[in-house]
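Read through the structure below, which is laid out as structure tokens, and then see the notes.
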Amino acid sequence: MEEFDIAVIGGGMVGASLALAAAAAGRRIVLIEGTAPDSGAHQSFDERTTALGNASRRILEALGVWGSLADQCGVIRAIHVSDAGRFAFAHLNAREQGIEAFGFVVPNRVLGAALWQQIRGNDRISTRTPETVESVSTDAAGVTVRLAGQGRELRARLAVAADGAHSAVRRDAGITATETDYGQVAVVANVVTDTPHDGTAFERFTGAGPLALVPLRDGSYTVIWARSPEAAAATLKASAAEFLQLLQRHFGWRVGKFLSVGPRAGYPLKLTRADAAVAQRTVLIGNAAQSLHPVAGQGFNLALRDAAALAELVVAPGDPGADALLATFAQGRAEDRRGVTRFTDGLIRMFGDTRAPVRLARGAGLLLFDLLPPAKNALARVSLGFGGRTPRLARGLPLR
């Protein structure tokens, strides 16, 4: 039976990143993924985009991935937040904060390809793909992973669940999760306007749901529009001309006229939170630990900080699945995880409240925020985390 230090189950963007980080810590890794990453069918590596904060950029630099991403990313140099129907807004400029950019927007397929290119060249990582995990069982000494293909088994000292919001590894570990359905579906598409962007990302809270536009490398935008399931279905079925008219009506003319739209897709939005971060010889990261609303684009950035923190712990000699190590990880990451979850969930609830007094208070809050430099400084640095110790890789430091 083959033996490894760490078995990572799930080879999407989070699992692939964790595999590279743990390998950089000197551990022998097996990465198990049910869909061949270069097949074109991997649901994580599609035309959706991910906004990477500066801390995430530093982590990807340390993993050797950023070099093949940099020239394919849109750059967020400013952020504009508004509440439809209200005068007040907030505007943040990266230069005023003393940084190059707030973040970088990369297509998921590009990020996935870059991660797996590094994985294939790493002799510390063995891959099993396409391969399905039948079960994961733990004991005091390690983890047994049973593969569905031919009933083969492998052993590791730690299992990392990176297999999504409906994680089978989380279930096998006996960890329960709570789920909140936002009653929304994210409609995602790329759009072209008659005015190329200047690097500004927009977050507009409308009566039809939160609407974000993030700048892409070629001057176009990705739209992420959270709508009710019924409205989303109609939006997805609408003709291109009808969609552009609807988008123009709800977003306005701040980026000019919407000229064309690419393929559209819908993704149901739910908040899933695991009731524990770790179990016996098991760690949850990414959507297996918490699946967040995409507002403010924090989910993958949080998962990367998790991966960096775990790699920092397992770089030391010894058992990577020891109870004390896992307890340290859970305690060290709890504040950041809670903070991000409260932040994103709070935004949705606050801006989704249509009562007049609440809308008035929102407008006043945005106006005050735009006038207060300390508040802008704090928001500009959210990529470092929402509390607790920032991992070394996220600060641009080596693992050891």
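How things are named: the first chain in the structure tokens is A, the next is B, and so on; residues count from 1 in each chain; ligands count from 1 in the order shown.
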Excluding same-chain residues fewer than 4 positions from Pro229 in chain A, what lies within 12 Å of it counting only C-alpha atoms, as a short mmCIF file (atom, residue, chain, number, x, y, z; two decimals) with all heavy atoms, in the first residue's frame?
data_model
loop_
_atom_site.label_atom_id
_atom_site.label_comp_id
_atom_site.auth_asym_id
_atom_site.auth_seq_id
_atom_site.Cartn_x
_atom_site.Cartn_y
_atom_site.Cartn_z
N ASP A 181 -29.71 29.12 2.65
CA ASP A 181 -30.00 29.39 1.24
C ASP A 181 -30.33 30.87 1.10
O ASP A 181 -31.28 31.36 1.71
CB ASP A 181 -31.17 28.52 0.78
CG ASP A 181 -31.34 28.56 -0.74
OD1 ASP A 181 -30.89 29.54 -1.36
OD2 ASP A 181 -31.93 27.61 -1.28
N TYR A 182 -29.54 31.59 0.33
CA TYR A 182 -29.79 33.02 0.14
C TYR A 182 -30.99 33.29 -0.77
O TYR A 182 -31.40 34.43 -0.93
CB TYR A 182 -28.56 33.71 -0.43
CG TYR A 182 -27.45 33.92 0.57
CD1 TYR A 182 -26.23 33.26 0.43
CD2 TYR A 182 -27.60 34.78 1.64
CE1 TYR A 182 -25.20 33.47 1.34
CE2 TYR A 182 -26.59 34.99 2.56
CZ TYR A 182 -25.39 34.34 2.40
OH TYR A 182 -24.37 34.53 3.30
N GLY A 183 -31.50 32.23 -1.40
CA GLY A 183 -32.59 32.44 -2.33
C GLY A 183 -32.17 33.24 -3.54
O GLY A 183 -32.95 34.01 -4.11
N GLN A 184 -30.90 33.07 -3.94
CA GLN A 184 -30.36 33.81 -5.07
C GLN A 184 -29.58 32.86 -5.98
O GLN A 184 -29.05 31.84 -5.54
CB GLN A 184 -29.43 34.93 -4.60
CG GLN A 184 -30.10 36.04 -3.82
CD GLN A 184 -29.11 37.09 -3.35
OE1 GLN A 184 -27.93 36.80 -3.17
NE2 GLN A 184 -29.58 38.30 -3.16
N VAL A 185 -29.50 33.25 -7.25
CA VAL A 185 -28.67 32.56 -8.23
C VAL A 185 -27.75 33.60 -8.85
O VAL A 185 -28.21 34.68 -9.26
CB VAL A 185 -29.52 31.90 -9.33
CG1 VAL A 185 -28.64 31.33 -10.43
CG2 VAL A 185 -30.39 30.80 -8.72
N ALA A 186 -26.46 33.31 -8.89
CA ALA A 186 -25.51 34.24 -9.50
C ALA A 186 -25.52 34.03 -11.01
O ALA A 186 -25.23 32.94 -11.50
CB ALA A 186 -24.10 34.01 -8.96
N VAL A 187 -25.88 35.08 -11.74
CA VAL A 187 -25.80 35.07 -13.20
C VAL A 187 -24.44 35.65 -13.58
O VAL A 187 -24.11 36.79 -13.21
CB VAL A 187 -26.94 35.90 -13.82
CG1 VAL A 187 -26.80 35.95 -15.33
CG2 VAL A 187 -28.30 35.31 -13.42
N ALA A 208 -32.79 44.42 -7.57
CA ALA A 208 -32.81 43.12 -8.24
C ALA A 208 -31.66 42.24 -7.81
O ALA A 208 -31.40 41.19 -8.41
CB ALA A 208 -32.77 43.32 -9.76
N GLY A 209 -30.92 42.65 -6.76
CA GLY A 209 -29.82 41.85 -6.24
C GLY A 209 -28.47 42.51 -6.44
O GLY A 209 -28.33 43.41 -7.28
N TRP A 225 -24.13 38.80 -11.09
CA TRP A 225 -25.39 39.41 -10.69
C TRP A 225 -26.21 38.40 -9.90
O TRP A 225 -26.64 37.39 -10.45
CB TRP A 225 -26.14 39.87 -11.93
CG TRP A 225 -27.30 40.79 -11.67
CD1 TRP A 225 -27.78 41.21 -10.45
CD2 TRP A 225 -28.13 41.40 -12.67
NE1 TRP A 225 -28.84 42.05 -10.63
CE2 TRP A 225 -29.08 42.20 -11.98
CE3 TRP A 225 -28.16 41.35 -14.05
CZ2 TRP A 225 -30.06 42.93 -12.64
CZ3 TRP A 225 -29.13 42.09 -14.72
CH2 TRP A 225 -30.06 42.86 -14.03
N ALA A 233 -33.60 32.77 -13.86
CA ALA A 233 -34.00 31.89 -14.96
C ALA A 233 -34.42 32.72 -16.18
O ALA A 233 -34.05 32.41 -17.32
CB ALA A 233 -35.14 30.98 -14.52
N ALA A 234 -35.18 33.78 -15.93
CA ALA A 234 -35.61 34.64 -17.03
C ALA A 234 -34.42 35.37 -17.64
O ALA A 234 -34.33 35.53 -18.87
CB ALA A 234 -36.65 35.65 -16.52
N THR A 235 -33.48 35.78 -16.78
CA THR A 235 -32.29 36.49 -17.27
C THR A 235 -31.43 35.59 -18.14
O THR A 235 -30.87 36.02 -19.15
CB THR A 235 -31.47 37.03 -16.09
OG1 THR A 235 -32.29 37.87 -15.28
CG2 THR A 235 -30.27 37.82 -16.56
N LEU A 236 -31.32 34.34 -17.76
CA LEU A 236 -30.51 33.39 -18.52
C LEU A 236 -31.17 33.03 -19.86
O LEU A 236 -30.48 32.76 -20.84
CB LEU A 236 -30.27 32.12 -17.70
CG LEU A 236 -29.36 32.29 -16.48
CD1 LEU A 236 -29.44 31.07 -15.57
CD2 LEU A 236 -27.92 32.53 -16.92
N GLY A 266 -25.61 30.20 -14.61
CA GLY A 266 -26.18 30.50 -13.30
C GLY A 266 -25.67 29.55 -12.24
O GLY A 266 -25.50 28.34 -12.49
N TYR A 267 -25.42 30.08 -11.03
CA TYR A 267 -24.88 29.29 -9.93
C TYR A 267 -25.67 29.63 -8.66
O TYR A 267 -25.64 30.77 -8.19
CB TYR A 267 -23.39 29.61 -9.72
CG TYR A 267 -22.56 29.39 -10.96
CD1 TYR A 267 -22.35 30.43 -11.87
CD2 TYR A 267 -22.00 28.14 -11.23
CE1 TYR A 267 -21.60 30.23 -13.01
CE2 TYR A 267 -21.24 27.94 -12.37
CZ TYR A 267 -21.04 28.98 -13.26
OH TYR A 267 -20.30 28.78 -14.41
N PRO A 268 -26.41 28.65 -8.09
CA PRO A 268 -27.17 28.90 -6.85
C PRO A 268 -26.24 29.35 -5.72
O PRO A 268 -25.11 28.85 -5.60
CB PRO A 268 -27.81 27.55 -6.54
CG PRO A 268 -27.83 26.83 -7.85
CD PRO A 268 -26.60 27.29 -8.58
N LEU A 269 -26.71 30.29 -4.90
CA LEU A 269 -25.89 30.87 -3.84
C LEU A 269 -26.38 30.43 -2.48
O LEU A 269 -27.54 30.64 -2.12
CB LEU A 269 -25.90 32.40 -3.93
CG LEU A 269 -25.37 32.97 -5.24
CD1 LEU A 269 -25.49 34.48 -5.24
CD2 LEU A 269 -23.93 32.53 -5.48
#
Q: Could you find all residues in range 62-303 of chain A that DSSP calls strand (DSSP E) from the backbone, and write them as a PyMOL selection string?
A: chain A and resi 74-76+78-83+89-93+103-107+125-128+133-138+143-147+153-161+177-193+200-206+209-215+221-227+258-261+265-274+278-279+282-284+290-291
Q | Residues of range 85-280 of chain A in helix (DSSP H, G or I), written as a PyMOL selection string | A | chain A and resi 95-97+108-120+168-172+229-237+240-251
Q: For His80 in chain A, list every protein, DNA or RNA residue within 7 Å, evaluated using only C-alpha atoms, and leave out those in the same chain fewer than 5 positions away; present the list as a list in words.
A: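 Final neighbour list, sorted by chain and number: Ala90, His91, Leu92, Thr200, Ala201, Phe202 and Glu203 of chain A.
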With C-alpha atoms retained, write the just-selected residues as a short mmCIF file (atom, residue, chain, number, x, y, z; two decimals), in the first residue's frame.
data_model
loop_
_atom_site.label_atom_id
_atom_site.label_comp_id
_atom_site.auth_asym_id
_atom_site.auth_seq_id
_atom_site.Cartn_x
_atom_site.Cartn_y
_atom_site.Cartn_z
CA ALA A 90 -17.87 54.95 -1.72
CA HIS A 91 -14.78 55.09 -3.90
CA LEU A 92 -11.38 53.60 -3.12
CA THR A 200 -12.28 50.10 -11.61
CA ALA A 201 -14.35 47.28 -10.09
CA PHE A 202 -17.97 48.07 -9.27
CA GLU A 203 -20.22 46.63 -6.57
#
Q) Any idea what the distance is between CA of Thr222 in chain A and CA of Thr49 in chain A? A)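 Spanning CA of Thr222 in chain A to CA of Thr49 in chain A is a straight-line distance of 7.3 Å.
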Q.
Please report the interatomic distance between CA of Asp345 in chain A and CA of Ala394 in chain A in Å with one decimal.
A.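 Interatomic distance here is 24.0 Å.
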Which residues of range 117-148 of chain A come within 9 Å of range 23-42 of chain A, and for each one, what is the closest pair of atoms and their distance in Å to one decimal, counting only C-alpha atoms, sorted by chain and residue number, as JSON lines?
{"residue": "A:Asn122", "atom": "CA", "partner": "A:Ala23", "partner_atom": "CA", "distance": 8.0}
{"residue": "A:Asp123", "atom": "CA", "partner": "A:Arg28", "partner_atom": "CA", "distance": 8.7}
{"residue": "A:Arg124", "atom": "CA", "partner": "A:Arg28", "partner_atom": "CA", "distance": 5.0}
{"residue": "A:Ile125", "atom": "CA", "partner": "A:Ile29", "partner_atom": "CA", "distance": 4.7}
{"residue": "A:Ser126", "atom": "CA", "partner": "A:Val30", "partner_atom": "CA", "distance": 4.7}
{"residue": "A:Thr127", "atom": "CA", "partner": "A:Leu31", "partner_atom": "CA", "distance": 4.8}
{"residue": "A:Arg128", "atom": "CA", "partner": "A:Ile32", "partner_atom": "CA", "distance": 4.7}
{"residue": "A:Thr129", "atom": "CA", "partner": "A:Glu33", "partner_atom": "CA", "distance": 5.0}
{"residue": "A:Pro130", "atom": "CA", "partner": "A:Gly34", "partner_atom": "CA", "distance": 4.6}
{"residue": "A:Glu131", "atom": "CA", "partner": "A:Gly34", "partner_atom": "CA", "distance": 4.6}
{"residue": "A:Thr132", "atom": "CA", "partner": "A:Gly34", "partner_atom": "CA", "distance": 4.9}
{"residue": "A:Val133", "atom": "CA", "partner": "A:Ile32", "partner_atom": "CA", "distance": 7.7}
Q: Tell me which protein, DNA and RNA residues are within 9 Å of range 326-342 of chain A, counting only C-alpha atoms, leaving out same-chain ones fewer than 3 positions away, and put them as a PyMOL selection string.
A: chain A and resi 271+273+276-283+290-293+298-299+302+305-306+309-310+313+320-323+345-347+385-390
